[in-house]
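What's in protein-v2.txt: compact mmCIF, C-alpha atoms
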# COMPACT_ATOMS: atom_id res chain seq x y z
CA MET A 14 -10.35 29.30 -17.21
CA ILE A 15 -13.69 27.58 -16.89
CA THR A 16 -15.04 26.06 -13.68
CA VAL A 17 -17.04 22.84 -13.89
CA SER A 18 -18.93 21.16 -11.06
CA SER A 19 -20.70 18.40 -13.01
CA ALA A 20 -18.92 15.12 -13.73
CA LYS A 21 -21.03 14.60 -16.86
CA GLU A 22 -20.15 18.05 -18.20
CA MET A 23 -16.46 17.49 -17.48
CA LYS A 24 -16.47 14.15 -19.30
CA ASN A 25 -18.17 15.72 -22.33
CA ILE A 26 -15.60 18.54 -22.48
CA ILE A 27 -12.71 16.09 -22.18
CA GLN A 28 -14.12 13.89 -24.94
CA ASP A 29 -14.31 16.91 -27.26
CA LEU A 30 -10.73 17.87 -26.45
CA LYS A 31 -9.52 14.32 -27.07
CA LYS A 32 -11.14 14.41 -30.53
CA GLN A 33 -8.96 17.47 -31.21
CA ASP A 34 -5.87 15.43 -30.18
CA LYS A 35 -5.27 17.64 -27.13
CA THR A 36 -3.16 16.16 -24.35
CA ILE A 37 -4.68 16.47 -20.87
CA GLY A 38 -2.63 17.16 -17.75
CA PHE A 39 -4.32 16.63 -14.38
CA VAL A 40 -3.54 18.11 -10.96
CA PRO A 41 -5.81 16.62 -8.26
CA THR A 42 -5.90 18.66 -5.03
CA MET A 43 -7.92 19.23 -1.89
CA GLY A 44 -7.60 22.97 -2.31
CA TYR A 45 -6.18 25.70 -0.08
CA LEU A 46 -3.56 26.04 -2.78
CA HIS A 47 0.07 26.91 -2.12
CA GLU A 48 3.28 27.02 -4.16
CA GLY A 49 3.58 23.23 -4.04
CA HIS A 50 0.28 22.82 -5.88
CA LEU A 51 1.17 25.59 -8.31
CA SER A 52 4.47 23.88 -9.16
CA LEU A 53 2.41 20.88 -10.30
CA VAL A 54 0.35 23.19 -12.51
CA ASP A 55 3.54 24.65 -13.95
CA GLN A 56 4.78 21.19 -14.94
CA SER A 57 1.42 20.30 -16.47
CA VAL A 58 1.31 23.53 -18.49
CA ARG A 59 4.81 22.80 -19.77
CA GLN A 60 4.04 19.21 -20.76
CA CYS A 61 0.38 19.18 -21.83
CA ASP A 62 -2.00 21.14 -24.06
CA ILE A 63 -4.76 21.41 -21.45
CA THR A 64 -4.39 21.52 -17.67
CA VAL A 65 -7.25 20.37 -15.44
CA MET A 66 -7.17 20.90 -11.69
CA SER A 67 -9.65 19.30 -9.33
CA ILE A 68 -10.44 20.66 -5.88
CA PHE A 69 -12.24 18.18 -3.67
CA VAL A 70 -11.82 17.61 0.06
CA ASN A 71 -12.34 13.86 0.03
CA PRO A 72 -14.15 12.59 3.15
CA LEU A 73 -13.13 8.98 2.50
CA GLN A 74 -9.49 9.63 3.30
CA PHE A 75 -10.10 11.18 6.72
CA GLY A 76 -10.28 8.83 9.67
CA PRO A 77 -12.17 9.30 12.96
CA GLY A 78 -10.91 12.34 14.82
CA GLU A 79 -9.00 13.70 11.83
CA ASP A 80 -9.43 17.22 10.49
CA PHE A 81 -12.01 16.87 7.69
CA GLU A 82 -14.36 19.55 9.05
CA ARG A 83 -11.60 22.02 9.85
CA TYR A 84 -9.46 21.30 6.80
CA PRO A 85 -8.70 24.79 5.40
CA ARG A 86 -10.94 25.88 2.53
CA ASP A 87 -10.90 29.10 0.50
CA PRO A 88 -12.69 28.58 -2.86
CA LYS A 89 -12.42 32.20 -4.05
CA ARG A 90 -8.68 32.39 -3.37
CA ASP A 91 -8.10 28.96 -4.91
CA THR A 92 -9.96 29.92 -8.08
CA LEU A 93 -7.88 33.07 -8.52
CA LEU A 94 -4.60 31.23 -7.90
CA ALA A 95 -5.51 28.40 -10.27
CA GLU A 96 -6.41 30.79 -13.08
CA LYS A 97 -3.25 32.86 -12.58
CA ALA A 98 -1.12 29.70 -12.64
CA GLY A 99 -2.49 28.65 -16.03
CA VAL A 100 -5.18 26.11 -15.21
CA ASP A 101 -7.57 25.75 -18.16
CA MET A 102 -10.37 23.89 -16.35
CA LEU A 103 -11.14 23.79 -12.65
CA PHE A 104 -13.22 20.78 -11.62
CA TYR A 105 -14.96 21.70 -8.36
CA PRO A 106 -17.51 18.98 -7.52
CA ASP A 107 -19.34 18.66 -4.23
CA VAL A 108 -19.51 15.42 -2.26
CA LYS A 109 -22.87 14.39 -3.73
CA GLU A 110 -21.51 14.78 -7.25
CA LEU A 111 -18.74 12.22 -6.74
CA TYR A 112 -20.57 10.08 -4.16
CA PRO A 113 -24.29 10.45 -5.03
CA THR A 114 -25.16 7.27 -3.13
CA GLU A 115 -23.40 4.91 -0.77
CA PRO A 116 -20.86 3.29 -3.13
CA SER A 117 -21.52 -0.32 -4.09
CA VAL A 118 -17.83 -0.67 -5.03
CA LYS A 119 -14.77 0.77 -3.32
CA VAL A 120 -11.12 0.47 -4.28
CA LYS A 121 -8.72 -0.97 -1.70
CA ALA A 122 -4.98 -0.37 -1.64
CA VAL A 123 -3.31 -3.62 -0.57
CA ASP A 124 0.39 -2.80 -0.99
CA ARG A 125 2.68 0.04 0.13
CA THR A 126 0.13 1.10 2.74
CA GLU A 127 1.04 -0.64 6.01
CA VAL A 128 4.02 1.60 6.77
CA LEU A 129 4.68 5.34 7.24
CA CYS A 130 1.39 7.29 7.24
CA GLY A 131 -0.62 4.18 6.45
CA ALA A 132 0.41 2.49 9.71
CA SER A 133 -1.48 5.01 11.86
CA ARG A 134 -4.21 5.94 9.36
CA PRO A 135 -6.05 2.71 8.46
CA GLY A 136 -8.26 3.17 5.43
CA HIS A 137 -6.68 6.47 4.43
CA PHE A 138 -5.17 5.20 1.19
CA ASP A 139 -8.35 3.27 0.35
CA GLY A 140 -10.04 6.67 0.30
CA VAL A 141 -7.26 8.11 -1.85
CA VAL A 142 -7.35 5.37 -4.49
CA THR A 143 -11.17 5.33 -4.53
CA VAL A 144 -11.50 9.04 -5.27
CA LEU A 145 -8.62 9.00 -7.76
CA SER A 146 -10.23 6.10 -9.62
CA ILE A 147 -13.36 8.24 -9.98
CA LEU A 148 -11.39 11.33 -11.01
CA PHE A 149 -9.22 9.44 -13.51
CA ASN A 150 -12.38 8.07 -15.12
CA ILE A 151 -13.91 11.54 -15.38
CA VAL A 152 -10.85 13.52 -16.49
CA ASP A 153 -9.09 10.76 -18.51
CA PRO A 154 -5.71 12.50 -18.22
CA ASP A 155 -2.65 11.67 -20.28
CA LYS A 156 -0.41 12.77 -17.41
CA SER A 157 -1.20 13.28 -13.70
CA PHE A 158 1.03 15.37 -11.45
CA PHE A 159 1.66 14.68 -7.76
CA GLY A 160 3.97 16.32 -5.22
CA GLN A 161 6.86 14.22 -3.98
CA LYS A 162 6.27 15.54 -0.44
CA ASP A 163 3.54 12.90 -0.21
CA ALA A 164 5.94 10.23 -1.43
CA GLN A 165 3.92 7.34 -0.04
CA GLN A 166 0.87 8.62 -1.88
CA VAL A 167 2.88 8.81 -5.11
CA ALA A 168 4.00 5.20 -4.63
CA VAL A 169 0.43 4.03 -3.92
CA VAL A 170 -0.97 5.93 -6.92
CA GLU A 171 1.67 4.45 -9.21
CA GLY A 172 0.55 1.04 -7.97
CA LEU A 173 -3.09 1.97 -8.61
CA THR A 174 -2.54 3.00 -12.23
CA LYS A 175 -0.43 -0.07 -13.00
CA SER A 176 -2.80 -2.51 -11.31
CA LEU A 177 -6.00 -1.12 -12.85
CA HIS A 178 -4.40 -0.10 -16.18
CA PHE A 179 -5.38 3.55 -16.01
CA PRO A 180 -3.88 5.15 -19.13
CA THR A 181 -2.27 8.05 -17.32
CA GLU A 182 1.40 8.64 -16.63
CA ILE A 183 2.17 9.59 -13.04
CA ILE A 184 4.62 12.51 -12.87
CA PRO A 185 6.19 13.13 -9.42
CA VAL A 186 7.22 16.75 -8.85
CA GLU A 187 9.93 17.80 -6.42
CA THR A 188 8.83 19.17 -3.05
CA VAL A 189 8.52 22.97 -2.88
CA ARG A 190 9.99 24.45 0.30
CA GLU A 191 10.09 27.65 2.27
CA GLU A 192 13.44 29.45 2.40
CA ASP A 193 14.24 27.69 5.69
CA GLY A 194 13.53 24.25 4.21
CA LEU A 195 10.04 23.59 5.59
CA ALA A 196 7.95 21.74 3.02
CA LYS A 197 4.97 23.74 1.76
CA SER A 198 1.73 22.31 3.16
CA SER A 199 -1.87 23.41 3.62
CA ARG A 200 -1.53 22.37 7.26
CA ASN A 201 1.35 24.76 7.99
CA VAL A 202 -1.27 27.41 8.85
CA TYR A 203 -2.01 25.44 12.02
CA LEU A 204 1.51 25.93 13.41
CA ASN A 205 1.90 28.49 16.18
CA GLU A 206 4.85 30.89 16.19
CA VAL A 207 7.14 28.63 18.20
CA GLU A 208 6.26 25.53 16.19
CA ARG A 209 6.85 27.36 12.92
CA LYS A 210 10.39 28.17 14.05
CA GLU A 211 10.97 24.54 15.09
CA ALA A 212 9.48 22.83 12.03
CA PRO A 213 12.43 23.31 9.62
CA ALA A 214 14.44 20.99 11.88
CA ILE A 215 12.56 18.07 10.30
CA TYR A 216 14.10 18.60 6.87
CA GLN A 217 17.52 19.41 8.31
CA ALA A 218 17.48 16.17 10.30
CA LEU A 219 16.34 14.13 7.29
CA ASN A 220 19.24 15.48 5.23
CA ALA A 221 21.81 14.70 7.89
CA SER A 222 20.34 11.27 8.60
CA SER A 223 20.40 10.23 4.93
CA ASP A 224 24.15 10.98 4.88
CA ILE A 225 24.68 9.06 8.12
CA TYR A 226 22.84 6.06 6.66
CA LYS A 227 25.41 5.82 3.87
CA ARG A 228 28.29 5.75 6.37
CA ASN A 229 26.88 4.05 9.44
CA GLY A 230 23.63 2.32 8.53
CA ARG A 231 19.96 2.45 9.46
CA ASN A 232 20.05 2.43 13.25
CA ALA A 233 22.58 5.27 13.44
CA ALA A 234 20.61 7.35 10.94
CA ILE A 235 17.32 6.94 12.79
CA GLU A 236 18.93 7.67 16.16
CA HIS A 237 20.47 10.84 14.75
CA PHE A 238 17.04 12.01 13.58
CA ARG A 239 15.50 11.38 17.00
CA GLN A 240 18.30 13.24 18.77
CA ALA A 241 18.10 16.15 16.33
CA LEU A 242 14.43 16.66 17.19
CA ILE A 243 14.73 16.13 20.94
CA THR A 244 14.34 19.85 21.67
CA VAL A 245 11.40 20.28 19.27
CA SER A 246 7.97 20.49 20.92
CA GLY A 247 6.40 18.21 18.31
CA GLU A 248 6.20 14.45 18.85
CA ILE A 249 7.77 12.10 16.31
CA ASP A 250 5.02 9.93 14.85
CA TYR A 251 7.45 7.89 12.77
CA ILE A 252 10.92 7.98 11.24
CA GLU A 253 11.71 5.23 8.76
CA ILE A 254 14.08 4.24 5.97
CA LEU A 255 12.63 2.02 3.24
CA THR A 256 13.12 1.09 -0.39
CA TYR A 257 11.36 3.35 -2.86
CA PRO A 258 8.79 3.02 -4.36
CA GLU A 259 8.26 -0.50 -2.96
CA LEU A 260 8.37 0.74 0.68
CA LYS A 261 10.04 -2.40 2.00
CA VAL A 262 12.80 -2.88 4.57
CA PRO A 263 16.01 -2.41 2.57
CA SER A 264 18.69 -5.03 2.08
CA GLU A 265 22.35 -4.28 1.34
CA SER A 266 21.66 -4.59 -2.39
CA ASP A 267 18.91 -1.94 -2.41
CA THR A 268 20.21 1.43 -3.56
CA ARG A 269 17.16 3.71 -4.02
CA LEU A 270 15.73 4.55 -0.62
CA ILE A 271 13.43 6.99 1.14
CA ILE A 272 13.89 8.42 4.60
CA ALA A 273 10.52 9.71 5.74
CA ALA A 274 9.14 11.22 8.91
CA ALA A 275 5.96 12.57 10.44
CA VAL A 276 5.94 14.93 13.41
CA LYS A 277 2.82 15.85 15.37
CA PHE A 278 2.54 19.38 16.70
CA GLU A 279 -0.42 20.64 18.72
CA ARG A 280 -2.73 21.23 15.73
CA ALA A 281 -0.70 20.01 12.75
CA ARG A 282 0.88 16.75 11.67
CA LEU A 283 3.74 17.45 9.27
CA ILE A 284 5.28 14.91 6.90
CA ASP A 285 8.49 15.16 4.89
CA ASN A 286 10.94 12.88 3.15
CA ILE A 287 14.08 12.62 1.09
CA ILE A 288 14.59 10.05 -1.65
CA PHE A 289 18.25 9.21 -2.01
CA THR A 290 20.62 6.64 -3.47
CA THR A 291 23.44 4.79 -1.79
CA GLU A 292 25.38 4.43 -5.05
CA GLU A 293 28.57 6.42 -5.36
CA GLU A 294 28.42 9.31 -7.81
CA SER A 295 30.70 8.79 -10.79
Before anything else, please render the file you have as structure tokens.
Amino acid sequence: MITVSSAKEMKNIIQDLKKQDKTIGFVPTMGYLHEGHLSLVDQSVRQCDITVMSIFVNPLQFGPGEDFERYPRDPKRDTLLAEKAGVDMLFYPDVKELYPTEPSVKVKAVDRTEVLCGASRPGHFDGVVTVLSILFNIVDPDKSFFGQKDAQQVAVVEGLTKSLHFPTEIIPVETVREEDGLAKSSRNVYLNEVERKEAPAIYQALNASSDIYKRNGRNAAIEHFRQALITVSGEIDYIEILTYPELKVPSESDTRLIIAAAVKFERARLIDNIIFTTEEES
């Protein structure tokens, strides 16, 4: 594995690989790698000739009071994990490399952003699509791999690539979970002992509520989720059922849906979701 910090050097390497007809898989991350990230690498290694991972804690997607400064970072550990997982090139730029000056152009996400996490984090997805536009231009991937745990992000990124005609295929990868169901997340390290025991209730409640939706509808499903978490110390930020990937209020004719939630604990805000269909299995 080689590590590259220069955008110009990365572009030159990619151009040489493209001349050799190599397919490029891309796994963009903010580091502090866990099994969820490594499952994306595994899919890229299976589907592409070359796997590129980026590690960049993007300041544009953190709002006032959010955890940019204390976001967990461990470059040495990340490098070892990336290499062991099969990453061929690790792109590790600093902020000045991607944002050398105050940008004269920024990308704005105008759809799929006013609900779920976007409702309480104005500008967050603008930061996401801005940095991904830069990274897609540098890495020029054939396929880009994203975890389904951040389902809203996947939906927004799919909209980005279609709207701006980026020639990369977005590959969503199923959420990786702990044995008790808790979704793997870099922020799980912020949970105290009690919160860690409580957190799996989120996924359990989502599963039960998706089944209730099929039988009794939206209001009953959401109420079940709220009641299921009533003894949990975390505060429900949102619980919502929407169409996917459009993220609109569903009608009776909509069959592919997402039930998604965010729960705020003392030092960690956890998100999770289930994408399900209301169609009967044949």
Grab the atom CA of Lys119 of chain A to atom CA of Tyr251 of chain A distance for me, in Å with one decimal place.
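Interatomic distance, atom CA of Lys119 of chain A to atom CA of Tyr251 of chain A: 28.3 Å.
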Take atom CA of Ile271 of chain A and atom CA of Asn71 of chain A and report the distance between them in Å, one decimal.
26.7 Å
Closest-contact table, segment 36-77 of chain A side, partner segment 154-160 of chain A, 6 Å, counting only C-alpha atoms, as CSV:
residue,atom,partner,partner_atom,distance
A:Ile37,CA,A:Pro154,CA,4.9
A:Gly38,CA,A:Lys156,CA,4.9
A:Phe39,CA,A:Ser157,CA,4.6
A:Val40,CA,A:Phe158,CA,5.4
A:Leu53,CA,A:Phe158,CA,5.8
Closest contacts (segment 230-283 of chain A/segment 202-220 of chain A, max 8 Å, all atoms listed in the file) as JSON lines:
{"residue": "A:His237", "atom": "CA", "partner": "A:Ala218", "partner_atom": "CA", "distance": 7.6}
{"residue": "A:Phe238", "atom": "CA", "partner": "A:Ala218", "partner_atom": "CA", "distance": 5.3}
{"residue": "A:Ala241", "atom": "CA", "partner": "A:Ala218", "partner_atom": "CA", "distance": 6.1}
{"residue": "A:Leu242", "atom": "CA", "partner": "A:Ala214", "partner_atom": "CA", "distance": 6.9}
{"residue": "A:Val245", "atom": "CA", "partner": "A:Glu211", "partner_atom": "CA", "distance": 6.0}
{"residue": "A:Ser246", "atom": "CA", "partner": "A:Glu208", "partner_atom": "CA", "distance": 7.1}
{"residue": "A:Gly247", "atom": "CA", "partner": "A:Glu208", "partner_atom": "CA", "distance": 7.6}
{"residue": "A:Ile272", "atom": "CA", "partner": "A:Leu219", "partner_atom": "CA", "distance": 6.8}
{"residue": "A:Ala273", "atom": "CA", "partner": "A:Leu219", "partner_atom": "CA", "distance": 7.5}
{"residue": "A:Ala274", "atom": "CA", "partner": "A:Ile215", "partner_atom": "CA", "distance": 7.8}
{"residue": "A:Val276", "atom": "CA", "partner": "A:Ile215", "partner_atom": "CA", "distance": 8.0}
{"residue": "A:Phe278", "atom": "CA", "partner": "A:Glu208", "partner_atom": "CA", "distance": 7.2}
{"residue": "A:Glu279", "atom": "CA", "partner": "A:Leu204", "partner_atom": "CA", "distance": 7.7}
{"residue": "A:Arg280", "atom": "CA", "partner": "A:Tyr203", "partner_atom": "CA", "distance": 5.7}
{"residue": "A:Ala281", "atom": "CA", "partner": "A:Tyr203", "partner_atom": "CA", "distance": 5.6}
With only C-alpha atoms as the atoms that count, which of A:Thr92, A:Asn150, A:Thr290, A:Ser223 lies nearest to Thr256 of chain A?
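Among A:Thr92, A:Asn150, A:Thr290, A:Ser223, it is A:Thr290 that comes nearest to Thr256 of chain A.
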So the first atom is atom CA of Glu292 of chain A and the second is atom CA of Ala164 of chain A; what is the distance between them in Å, to one decimal place?
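Answer for the atom CA of Glu292 of chain A to atom CA of Ala164 of chain A separation: 20.6 Å.
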Which residues are close to segment 89-91 of chain A, i.e. within 12 Å by all atoms listed in the file, leaving aside same-chain residues fewer than 6 positions away? Reply as number ranges by chain.
A: 16, 42-48, 50-51, 66-69, 97-98, 100, 103-105, 199
Keeping only C-alpha atoms, take the residues you just selected and write them out as a compact mmCIF listing (two decimals), keeping the file's coordinate frame.
# COMPACT_ATOMS: atom_id res chain seq x y z
CA THR A 16 -15.04 26.06 -13.68
CA THR A 42 -5.90 18.66 -5.03
CA MET A 43 -7.92 19.23 -1.89
CA GLY A 44 -7.60 22.97 -2.31
CA TYR A 45 -6.18 25.70 -0.08
CA LEU A 46 -3.56 26.04 -2.78
CA HIS A 47 0.07 26.91 -2.12
CA GLU A 48 3.28 27.02 -4.16
CA HIS A 50 0.28 22.82 -5.88
CA LEU A 51 1.17 25.59 -8.31
CA MET A 66 -7.17 20.90 -11.69
CA SER A 67 -9.65 19.30 -9.33
CA ILE A 68 -10.44 20.66 -5.88
CA PHE A 69 -12.24 18.18 -3.67
CA LYS A 97 -3.25 32.86 -12.58
CA ALA A 98 -1.12 29.70 -12.64
CA VAL A 100 -5.18 26.11 -15.21
CA LEU A 103 -11.14 23.79 -12.65
CA PHE A 104 -13.22 20.78 -11.62
CA TYR A 105 -14.96 21.70 -8.36
CA SER A 199 -1.87 23.41 3.62
Find the spatial neighbours of Met102 of chain A, counting all atoms listed in the file, within a cut-off of 6 Å - ignore same-chain residues fewer than 3 positions away - and output them as a ChimeraX atom specification.
/A:14-16,65
Please, could you write that set of residues out with C-alpha atoms as a PDB file, in the frame of the given file?
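Okay, selection.pdb is ready:
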ATOM      1  CA  MET A  14     -10.350  29.300 -17.210  1.00  0.00           C
ATOM      2  CA  ILE A  15     -13.690  27.580 -16.890  1.00  0.00           C
ATOM      3  CA  THR A  16     -15.040  26.060 -13.680  1.00  0.00           C
ATOM      4  CA  VAL A  65      -7.250  20.370 -15.440  1.00  0.00           C
TER       5      VAL A  65
END
From A:Ser222, A:Val167, A:Ser266, A:Glu110, residue lying nearest Lys21 of chain A [all atoms listed in the file]
A:Glu110
For Leu73 of chain A, which of A:Leu145, A:Val17, A:Ile184, A:Val54 is the closest residue, counting all atoms listed in the file?
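The shortest atom-to-atom distance to Leu73 of chain A comes from A:Leu145.
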Take every atom of segment 92-98 of chain A listed in the file, pad by 5 Å on each side, and give me the axis-aligned box centre and edge lengths in Å, one decimal, as JSON.
{"center_x": -5.5, "center_y": 30.7, "center_z": -10.5, "size_x": 18.8, "size_y": 14.7, "size_z": 15.2}
Choose the residue, out of A:Leu129, A:Val144, A:Leu94, A:Ile243, that has the smallest atom-to-atom separation from Asp163 of chain A; count all atoms listed in the file.
A:Leu129
Which residue out of A:Gln74, A:Asn25, A:Thr181, A:Gln240 has the minimum interatomic distance to Gly136 of chain A when all atoms listed in the file are used?
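Of A:Gln74, A:Asn25, A:Thr181, A:Gln240, the one nearest Gly136 of chain A, counting all atoms listed in the file, is A:Gln74.
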So that I can check the surroundings of Gly76 of chain A, please list as a PyMOL selection string every protein, DNA and RNA residue that reaches within 10 Å of it, counting all atoms listed in the file and ignoring chain neighbours fewer than 6 positions away.
chain A and resi 133-137+140
With C-alpha atoms kept, could you save the residues just selected as an mmCIF file, in the frame of the given file?
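Saved the output as again.cif:
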data_model
loop_
_atom_site.group_PDB
_atom_site.id
_atom_site.type_symbol
_atom_site.label_atom_id
_atom_site.label_comp_id
_atom_site.auth_asym_id
_atom_site.auth_seq_id
_atom_site.Cartn_x
_atom_site.Cartn_y
_atom_site.Cartn_z
ATOM 1 C CA SER A 133 -1.480 5.010 11.860
ATOM 2 C CA ARG A 134 -4.210 5.940 9.360
ATOM 3 C CA PRO A 135 -6.050 2.710 8.460
ATOM 4 C CA GLY A 136 -8.260 3.170 5.430
ATOM 5 C CA HIS A 137 -6.680 6.470 4.430
ATOM 6 C CA GLY A 140 -10.040 6.670 0.300
#
Could you check the closest approach to Glu22 of chain A for each of A:Ile288, A:Pro106, A:Thr244, A:Ile225 and tell me which residue wins, using only C-alpha atoms?
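When distances to Glu22 of chain A are compared using only C-alpha atoms, the smallest one comes from A:Pro106.
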Could the residues of segment 261-292 of chain A that have an atom at most 12 Å from segment 185-191 of chain A be listed as a tab-separated table, each with its closest atom pair and the distance in Å to one decimal, counting only C-alpha atoms and ordered by chain and ascending residue number?
residue	atom	partner	partner_atom	distance
A:Ile284	CA	A:Thr188	CA	11.4
A:Asp285	CA	A:Thr188	CA	8.9
A:Asn286	CA	A:Thr188	CA	9.1
A:Ile287	CA	A:Thr188	CA	9.4
A:Ile288	CA	A:Glu187	CA	10.2
